[in-house]
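K.L.:
My structure is stored as my_file_31.pdb, with PDB, C-alpha atoms.
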MODEL        1
ATOM      1  CA  MET A   1      -1.333 -43.709 -21.898
ATOM      2  CA  ASN A   2      -5.102 -43.436 -22.385
ATOM      3  CA  ILE A   3      -5.638 -43.910 -18.655
ATOM      4  CA  VAL A   4      -3.163 -41.104 -17.887
ATOM      5  CA  MET A   5      -4.886 -38.800 -20.352
ATOM      6  CA  THR A   6      -8.302 -39.668 -18.911
ATOM      7  CA  VAL A   7      -7.155 -38.971 -15.361
ATOM      8  CA  ALA A   8      -5.585 -35.696 -16.466
ATOM      9  CA  ALA A   9      -8.784 -34.691 -18.258
ATOM     10  CA  VAL A  10     -10.932 -35.488 -15.229
ATOM     11  CA  PHE A  11      -8.549 -33.626 -12.939
ATOM     12  CA  GLY A  12      -8.561 -30.633 -15.280
ATOM     13  CA  ALA A  13     -12.356 -30.654 -15.455
ATOM     14  CA  LEU A  14     -12.593 -30.698 -11.645
ATOM     15  CA  ILE A  15     -10.270 -27.712 -11.415
ATOM     16  CA  VAL A  16     -12.371 -25.794 -13.944
ATOM     17  CA  ILE A  17     -15.568 -26.641 -12.036
ATOM     18  CA  GLN A  18     -14.035 -25.548  -8.727
ATOM     19  CA  LEU A  19     -12.790 -22.276 -10.188
ATOM     20  CA  THR A  20     -16.191 -21.619 -11.751
ATOM     21  CA  VAL A  21     -18.036 -22.310  -8.479
ATOM     22  CA  THR A  22     -15.610 -20.052  -6.595
ATOM     23  CA  LEU A  23     -16.110 -17.267  -9.126
ATOM     24  CA  VAL A  24     -19.904 -17.542  -8.832
ATOM     25  CA  ASN A  25     -19.624 -17.476  -5.041
ATOM     26  CA  VAL A  26     -17.495 -14.318  -5.216
ATOM     27  CA  LEU A  27     -19.987 -12.653  -7.544
ATOM     28  CA  GLN A  28     -22.846 -13.522  -5.178
ATOM     29  CA  LYS A  29     -21.403 -11.274  -2.479
ATOM     30  CA  GLY A  30     -22.229  -8.257  -4.626
ATOM     31  CA  GLY A  31     -20.323  -5.047  -5.114
ATOM     32  CA  ALA A  32     -18.898  -2.367  -2.862
ATOM     33  CA  TYR A  33     -20.646  -0.788   0.106
ATOM     34  CA  ARG A  34     -23.759   1.089  -0.999
ATOM     35  CA  GLY A  35     -24.042   3.266   2.105
ATOM     36  CA  GLY A  36     -26.977   1.786   4.035
ATOM     37  CA  THR A  37     -27.020   1.790   7.836
ATOM     38  CA  VAL A  38     -27.094  -1.353   9.943
ATOM     39  CA  ASP A  39     -30.731  -0.652  10.872
ATOM     40  CA  GLU A  40     -31.731  -0.127   7.231
ATOM     41  CA  ILE A  41     -30.068  -3.322   6.025
ATOM     42  CA  LEU A  42     -31.493  -5.452   8.845
ATOM     43  CA  GLY A  43     -34.959  -3.896   8.693
ATOM     44  CA  VAL A  44     -34.949  -3.693  12.521
ATOM     45  CA  LYS A  45     -33.044  -1.713  15.139
ATOM     46  CA  ALA A  46     -29.543  -3.076  15.565
ATOM     47  CA  SER A  47     -29.879  -2.804  19.343
ATOM     48  CA  SER A  48     -32.706  -5.368  19.354
ATOM     49  CA  ALA A  49     -31.578  -7.525  16.417
ATOM     50  CA  SER A  50     -31.193 -11.282  16.830
ATOM     51  CA  ALA A  51     -29.469 -14.053  14.905
ATOM     52  CA  ALA A  52     -32.786 -14.756  13.163
ATOM     53  CA  ASP A  53     -32.844 -11.228  11.712
ATOM     54  CA  VAL A  54     -29.441 -11.729  10.092
ATOM     55  CA  GLU A  55     -30.394 -15.198   8.829
ATOM     56  CA  LYS A  56     -33.196 -13.650   6.733
ATOM     57  CA  LEU A  57     -30.687 -11.744   4.591
ATOM     58  CA  SER A  58     -29.142 -12.800   1.288
ATOM     59  CA  LYS A  59     -25.389 -13.129   0.954
ATOM     60  CA  ARG A  60     -25.259  -9.765  -0.808
ATOM     61  CA  GLU A  61     -27.174  -8.153   2.070
ATOM     62  CA  MET A  62     -24.923  -9.817   4.664
ATOM     63  CA  MET A  63     -21.893  -8.292   2.952
ATOM     64  CA  GLN A  64     -23.543  -4.878   3.024
ATOM     65  CA  LEU A  65     -24.268  -5.406   6.729
ATOM     66  CA  PHE A  66     -20.612  -6.263   7.352
ATOM     67  CA  TYR A  67     -19.512  -3.098   5.529
ATOM     68  CA  ALA A  68     -21.905  -0.961   7.577
ATOM     69  CA  ALA A  69     -21.199  -2.466  11.007
ATOM     70  CA  PRO A  70     -18.408  -1.195  13.290
ATOM     71  CA  ALA A  71     -15.646  -3.212  14.904
ATOM     72  CA  PRO A  72     -16.411  -4.000  18.552
ATOM     73  CA  ASP A  73     -14.352  -2.548  21.373
ATOM     74  CA  PHE A  74     -11.565  -5.056  21.870
ATOM     75  CA  ALA A  75     -12.398  -5.869  25.501
ATOM     76  CA  MET A  76     -16.070  -6.449  24.665
ATOM     77  CA  LEU A  77     -15.507  -9.993  23.375
ATOM     78  CA  ASN A  78     -14.602 -11.866  26.542
ATOM     79  CA  GLY A  79     -15.643 -15.449  27.291
ATOM     80  CA  GLU A  80     -17.370 -18.218  25.370
ATOM     81  CA  TYR A  81     -20.037 -17.526  22.744
ATOM     82  CA  GLN A  82     -22.313 -19.550  20.531
ATOM     83  CA  ALA A  83     -21.612 -19.502  16.802
ATOM     84  CA  LYS A  84     -23.176 -20.723  13.573
ATOM     85  CA  THR A  85     -22.508 -20.684   9.865
ATOM     86  CA  LEU A  86     -24.831 -18.747   7.580
ATOM     87  CA  PRO A  87     -25.817 -21.005   4.648
ATOM     88  CA  VAL A  88     -25.797 -18.495   1.791
ATOM     89  CA  GLY A  89     -24.053 -18.668  -1.564
ATOM     90  CA  ILE A  90     -23.313 -21.509  -3.942
ATOM     91  CA  GLN A  91     -20.488 -22.786  -1.709
ATOM     92  CA  ALA A  92     -22.628 -22.941   1.450
ATOM     93  CA  PHE A  93     -22.733 -26.748   1.479
ATOM     94  CA  SER A  94     -18.958 -27.132   1.165
ATOM     95  CA  VAL A  95     -18.416 -24.484   3.871
ATOM     96  CA  ASP A  96     -20.691 -26.369   6.261
ATOM     97  CA  LEU A  97     -19.066 -29.688   5.356
ATOM     98  CA  PHE A  98     -15.597 -28.373   6.175
ATOM     99  CA  THR A  99     -16.672 -26.463   9.296
ATOM    100  CA  HIS A 100     -18.576 -29.293  10.958
ATOM    101  CA  HIS A 101     -16.542 -32.307   9.812
ATOM    102  CA  PHE A 102     -12.954 -31.263   9.072
ATOM    103  CA  PHE A 103     -12.243 -28.024  10.954
ATOM    104  CA  GLY A 104     -12.249 -29.699  14.369
ATOM    105  CA  PRO A 105     -13.214 -32.782  16.384
ATOM    106  CA  GLY A 106     -16.977 -32.585  15.976
ATOM    107  CA  ARG A 107     -19.643 -30.077  15.091
ATOM    108  CA  TRP A 108     -18.540 -26.457  15.426
ATOM    109  CA  GLU A 109     -20.643 -24.682  18.062
ATOM    110  CA  GLY A 110     -18.814 -21.622  19.299
ATOM    111  CA  LYS A 111     -15.822 -19.380  19.829
ATOM    112  CA  ALA A 112     -14.134 -17.983  22.915
ATOM    113  CA  PHE A 113     -12.056 -14.865  23.465
ATOM    114  CA  LEU A 114      -9.702 -13.509  26.105
ATOM    115  CA  PRO A 115      -8.428  -9.918  25.765
ATOM    116  CA  GLU A 116      -4.992 -10.002  27.380
ATOM    117  CA  ARG A 117      -3.831  -6.485  26.476
ATOM    118  CA  ALA A 118      -5.519  -3.336  25.195
ATOM    119  CA  ASP A 119      -5.350  -4.518  21.600
ATOM    120  CA  ARG A 120      -4.203  -8.159  21.679
ATOM    121  CA  GLY A 121      -5.645 -11.413  22.945
ATOM    122  CA  ARG A 122      -6.268 -15.048  22.198
ATOM    123  CA  GLY A 123      -9.095 -17.502  21.744
ATOM    124  CA  TYR A 124     -10.263 -20.942  20.685
ATOM    125  CA  ASN A 125     -13.144 -22.704  18.945
ATOM    126  CA  ILE A 126     -15.698 -25.011  20.559
ATOM    127  CA  PHE A 127     -16.734 -28.355  19.084
ATOM    128  CA  ASN A 128     -19.302 -30.960  20.122
ATOM    129  CA  LYS A 129     -18.848 -34.608  19.209
ATOM    130  CA  ASN A 130     -21.580 -36.861  20.596
ATOM    131  CA  GLY A 131     -21.930 -34.649  23.659
ATOM    132  CA  ASN A 132     -18.189 -34.356  24.273
ATOM    133  CA  ILE A 133     -17.036 -30.731  24.196
ATOM    134  CA  SER A 134     -13.595 -29.869  22.804
ATOM    135  CA  ARG A 135     -11.895 -26.493  22.991
ATOM    136  CA  THR A 136      -9.239 -26.280  20.306
ATOM    137  CA  ARG A 137      -8.222 -24.558  17.037
ATOM    138  CA  LYS A 138      -6.643 -21.672  18.905
ATOM    139  CA  MET A 139      -6.156 -18.229  17.424
ATOM    140  CA  ASP A 140      -4.677 -14.829  18.236
ATOM    141  CA  THR A 141      -6.978 -11.798  18.232
ATOM    142  CA  PHE A 142      -6.444  -8.113  17.534
ATOM    143  CA  ILE A 143      -8.101  -4.993  16.130
ATOM    144  CA  GLY A 144      -6.767  -3.808  12.779
ATOM    145  CA  PRO A 145      -7.677  -2.790   9.225
ATOM    146  CA  SER A 146      -9.830  -5.281   7.362
ATOM    147  CA  THR A 147      -8.470  -7.069   4.309
ATOM    148  CA  ILE A 148     -12.038  -6.961   2.980
ATOM    149  CA  ASP A 149     -12.741  -3.221   3.080
ATOM    150  CA  ASP A 150      -9.814  -1.586   4.971
ATOM    151  CA  ARG A 151     -12.037  -0.479   7.876
ATOM    152  CA  PRO A 152     -11.296  -1.661  11.456
ATOM    153  CA  SER A 153     -12.248  -5.268  12.233
ATOM    154  CA  PHE A 154     -11.802  -7.657  15.136
ATOM    155  CA  HIS A 155      -9.360 -10.197  13.659
ATOM    156  CA  LEU A 156      -8.930 -13.902  14.436
ATOM    157  CA  ASP A 157      -5.523 -15.099  13.220
ATOM    158  CA  TYR A 158      -5.027 -18.880  13.073
ATOM    159  CA  ARG A 159      -1.481 -18.912  11.666
ATOM    160  CA  PRO A 160       0.481 -19.040  14.947
ATOM    161  CA  HIS A 161      -1.288 -22.138  16.300
ATOM    162  CA  ASN A 162      -2.382 -24.315  13.369
ATOM    163  CA  GLY A 163      -0.998 -26.215  10.403
ATOM    164  CA  GLY A 164      -2.357 -27.444   7.082
ATOM    165  CA  VAL A 165      -5.150 -25.539   5.377
ATOM    166  CA  VAL A 166      -6.320 -24.088   8.718
ATOM    167  CA  ARG A 167      -3.055 -22.157   8.951
ATOM    168  CA  SER A 168      -4.324 -19.875   6.181
ATOM    169  CA  MET A 169      -7.693 -19.327   7.893
ATOM    170  CA  HIS A 170      -8.570 -15.821   9.022
ATOM    171  CA  ASP A 171     -11.803 -14.431  10.484
ATOM    172  CA  GLU A 172     -13.038 -10.878  10.920
ATOM    173  CA  LEU A 173     -15.855  -9.741  13.215
ATOM    174  CA  ARG A 174     -18.084  -6.664  13.188
ATOM    175  CA  MET A 175     -20.629  -5.778  15.874
ATOM    176  CA  ILE A 176     -24.394  -5.649  15.341
ATOM    177  CA  ASN A 177     -25.031  -5.248  19.077
ATOM    178  CA  PRO A 178     -23.202  -6.406  22.246
ATOM    179  CA  ASP A 179     -24.791  -9.860  21.937
ATOM    180  CA  LEU A 180     -24.522 -10.330  18.178
ATOM    181  CA  PHE A 181     -21.490 -10.198  15.873
ATOM    182  CA  LEU A 182     -21.284 -10.830  12.145
ATOM    183  CA  GLY A 183     -18.152 -12.649  10.999
ATOM    184  CA  MET A 184     -16.488 -13.217   7.660
ATOM    185  CA  GLY A 185     -14.115 -16.176   7.413
ATOM    186  CA  TYR A 186     -11.737 -16.954   4.586
ATOM    187  CA  MET A 187      -8.869 -19.282   3.698
ATOM    188  CA  GLY A 188      -6.024 -19.188   1.209
ATOM    189  CA  ILE A 189      -7.283 -22.340  -0.514
ATOM    190  CA  GLY A 190     -10.667 -20.679  -1.126
ATOM    191  CA  GLY A 191      -9.354 -17.447  -2.592
ATOM    192  CA  GLY A 192      -8.686 -15.488   0.593
ATOM    193  CA  SER A 193     -10.552 -12.322   1.523
ATOM    194  CA  ILE A 194     -12.190 -11.937  -1.907
ATOM    195  CA  ASN A 195     -14.288 -15.022  -1.092
ATOM    196  CA  PRO A 196     -15.426 -14.773   2.559
ATOM    197  CA  ALA A 197     -18.001 -17.031   4.217
ATOM    198  CA  PRO A 198     -20.374 -15.309   6.666
ATOM    199  CA  PHE A 199     -21.049 -16.621  10.178
ATOM    200  CA  LEU A 200     -22.474 -15.396  13.479
ATOM    201  CA  VAL A 201     -21.068 -15.157  16.990
ATOM    202  CA  PHE A 202     -23.780 -14.522  19.560
ATOM    203  CA  GLY A 203     -25.200 -15.144  23.025
ATOM    204  CA  LYS A 204     -22.378 -15.297  25.554
ATOM    205  CA  LYS A 205     -22.241 -18.798  27.080
ATOM    206  CA  GLY A 206     -19.651 -18.673  29.812
ATOM    207  CA  LYS A 207     -16.152 -17.917  30.962
ATOM    208  CA  PHE A 208     -12.998 -18.439  28.954
ATOM    209  CA  VAL A 209     -11.404 -21.815  29.794
ATOM    210  CA  PRO A 210      -7.595 -21.572  30.077
TER     211      PRO A 210
ENDMDL
END
Would you give me this structure, written as structure tokens?

P.N.:
Amino acid sequence: MNIVMTVAAVFGALIVIQLTVTLVNVLQKGGAYRGGTVDEILGVKASSASAADVEKLSKREMMQLFYAAPAPDFAMLNGEYQAKTLPVGIQAFSVDLFTHHFFGPGRWEGKAFLPERADRGRGYNIFNKNGNISRTRKMDTFIGPSTIDDRPSFHLDYRPHNGGVVRSMHDELRMINPDLFLGMGYMGIGGGSINPAPFLVFGKKGKFVP
């Protein structure tokens, strides 16, 4: 009986810790859009901005950048791109741990997109394990209202092609410039769209692989 109570107490404590960490992470994204332009938030012209310029921002500033940035034209994202997580917020370590060790077969390195119709397409993620490249974790893509702020976003929907916790994964992209896109990813297990994790898609690498 004591063992059962101890296990239950430990389990309960872990749940409380996880909920507390999630709440702190949500609070770190800051409040609603304050009205700054993409140039003002970045501190440089959006047209010449690089991944390094976005990486200098805090999580709160990255959220403001996402609010300010427009959705890309749907056909703009076509082919394979590099990608990286943005290690901001109290949950940054756990996000990186999941992304590079549990999301796919190896370290996550990119995304690919194929616009098949005017407003619908498909894509996949790119992983590298000891030099072996895998293209998997497929998703459907479309332009539609954001679940984060109701403005148009480029959506990546994992539900049709994946099971487990990845089934609840959803990404949204906004454009900084034609070579740089800011993403927000979220999962049901992490609280959904109230607790997004920022990432970058940048630098077109090559053609979409069927």

K.L.:
Which is closest to Gly192 in chain A among A:Pro210, A:Asn125, A:Ile148, A:Pro178, if we use all atoms listed in the file?

P.N.:
A:Ile148

K.L.:
List every protein, DNA or RNA residue that has at least one atom no more than 9 Å from (-26.3, 1.6, 2.1) in the file's coordinates, counting all atoms listed in the file, and write the result as a ChimeraX atom specification.

P.N.:
/A:33-38,40-41,64-65,67-68

K.L.:
With C-alpha atoms retained, could you export that selection as a tab-separated table (two decimals), in the frame of the given file?

P.N.:
chain	number	residue	atom	x	y	z
A	33	TYR	CA	-20.65	-0.79	0.11
A	34	ARG	CA	-23.76	1.09	-1.00
A	35	GLY	CA	-24.04	3.27	2.10
A	36	GLY	CA	-26.98	1.79	4.04
A	37	THR	CA	-27.02	1.79	7.84
A	38	VAL	CA	-27.09	-1.35	9.94
A	40	GLU	CA	-31.73	-0.13	7.23
A	41	ILE	CA	-30.07	-3.32	6.02
A	64	GLN	CA	-23.54	-4.88	3.02
A	65	LEU	CA	-24.27	-5.41	6.73
A	67	TYR	CA	-19.51	-3.10	5.53
A	68	ALA	CA	-21.90	-0.96	7.58

K.L.:
Counting all atoms listed in the file, which residues sit no farther than 9 Å from the position (-14.4, -1.9, 6.2) in the file's frame? I'd like them as a tab-separated table (two decimals) with C-alpha atoms, in the frame of the given file.

P.N.:
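What follows is the written file point-v7.tsv:
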chain	number	residue	atom	x	y	z
A	33	TYR	CA	-20.65	-0.79	0.11
A	66	PHE	CA	-20.61	-6.26	7.35
A	67	TYR	CA	-19.51	-3.10	5.53
A	68	ALA	CA	-21.90	-0.96	7.58
A	69	ALA	CA	-21.20	-2.47	11.01
A	70	PRO	CA	-18.41	-1.20	13.29
A	71	ALA	CA	-15.65	-3.21	14.90
A	145	PRO	CA	-7.68	-2.79	9.22
A	146	SER	CA	-9.83	-5.28	7.36
A	147	THR	CA	-8.47	-7.07	4.31
A	148	ILE	CA	-12.04	-6.96	2.98
A	149	ASP	CA	-12.74	-3.22	3.08
A	150	ASP	CA	-9.81	-1.59	4.97
A	151	ARG	CA	-12.04	-0.48	7.88
A	152	PRO	CA	-11.30	-1.66	11.46
A	153	SER	CA	-12.25	-5.27	12.23

K.L.:
Apply the PyMOL selection byres ((chain A and resi 190) around 10) to the displayed file and report the matching residues as a ChimeraX atom specification.

P.N.:
/A:18-19,22,95,165,168-169,186-189,191-197

K.L.:
Convert the output of the PyMOL selection byres ((chain A and resi 90) around 9) on the shown file into explicit residues, formatted as number ranges by chain.

P.N.:
A: 21-22, 24-25, 28, 87-89, 91-94

K.L.:
Measuring atom to atom with all atoms listed in the file, identify which of A:Phe142, A:Phe208, A:Phe74, A:Phe199 is nearest to Arg120 in chain A.

P.N.:
A:Phe142

K.L.:
With distances taken over only C-alpha atoms, which residue among A:Ile176, A:Val54, A:Leu86, A:Leu77 lies nearest Leu156 in chain A?

P.N.:
A:Leu77

K.L.:
Write out as a PyMOL selection string each polymer residue whose atoms come within 12 Å of Lys56 in chain A, counting only C-alpha atoms; drop sequence neighbours fewer than 2 positions from it.

P.N.:
chain A and resi 41-44+49-54+58-62+86-88

K.L.:
Which residues are near Arg107 in chain A? Cut-off 6 Å, all atoms listed in the file, ignore same chain within fewer than 2 positions. Put them as a CSV table (one decimal) with C-alpha atoms, in the frame of the given file.

P.N.:
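In the end it all went to selection09.csv:
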chain,number,residue,atom,x,y,z
A,100,HIS,CA,-18.6,-29.3,11.0
A,127,PHE,CA,-16.7,-28.4,19.1
A,128,ASN,CA,-19.3,-31.0,20.1

K.L.:
For range 134-140 of chain A, work out the shell of residues within 9 Å, counting all atoms listed in the file and skipping chain neighbours fewer than 6 positions away, then give it as JSON, numbers by chain.

P.N.:
{"A": [103, 104, 105, 106, 111, 112, 120, 121, 122, 123, 124, 125, 126, 127, 128, 155, 156, 157, 158, 159, 160, 161, 162, 166, 209]}

K.L.:
Pick the closest to Phe154 in chain A from A:Asp73, A:Phe102, A:Lys207, A:Gln82: which is it, counting all atoms listed in the file?

P.N.:
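Closest to Phe154 in chain A, using all atoms listed in the file: A:Asp73.
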
K.L.:
Quick one, how far is CA of Gly79 in chain A from CA of Lys204 in chain A?

P.N.:
7.0 Å

K.L.:
Hey, which of A:Gly206, A:Met184, A:Arg174, A:Ala118 ends up closest to Lys84 in chain A? Count all atoms listed in the file.

P.N.:
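Going through A:Gly206, A:Met184, A:Arg174, A:Ala118 one by one, the smallest distance to Lys84 in chain A is for A:Met184.
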
K.L.:
Taking all atoms listed in the file into account, name the residue in A:Leu200, A:Ala46, A:Ala32, A:Ile133 that is nearest to Gly185 in chain A.

P.N.:
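Of A:Leu200, A:Ala46, A:Ala32, A:Ile133, the one nearest Gly185 in chain A, counting all atoms listed in the file, is A:Leu200.
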
K.L.:
CA of Ser48 in chain A and CA of Leu182 in chain A are how many Å apart?

P.N.:
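Interatomic distance here is 14.6 Å.
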
K.L.:
For CA of Lys205 in chain A and CA of Glu80 in chain A, quote the distance in Å rounded to one decimal.

P.N.:
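That distance, rounded to one decimal, is 5.2 Å.
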
K.L.:
Which neighbours of Asn177 in chain A fall inside 7 Å, counting all atoms listed in the file, when residues of the same chain fewer than 3 positions from it are skipped, and could you give them as an MDAnalysis selection string?

P.N.:
chainID A and resid 46:47 180:181
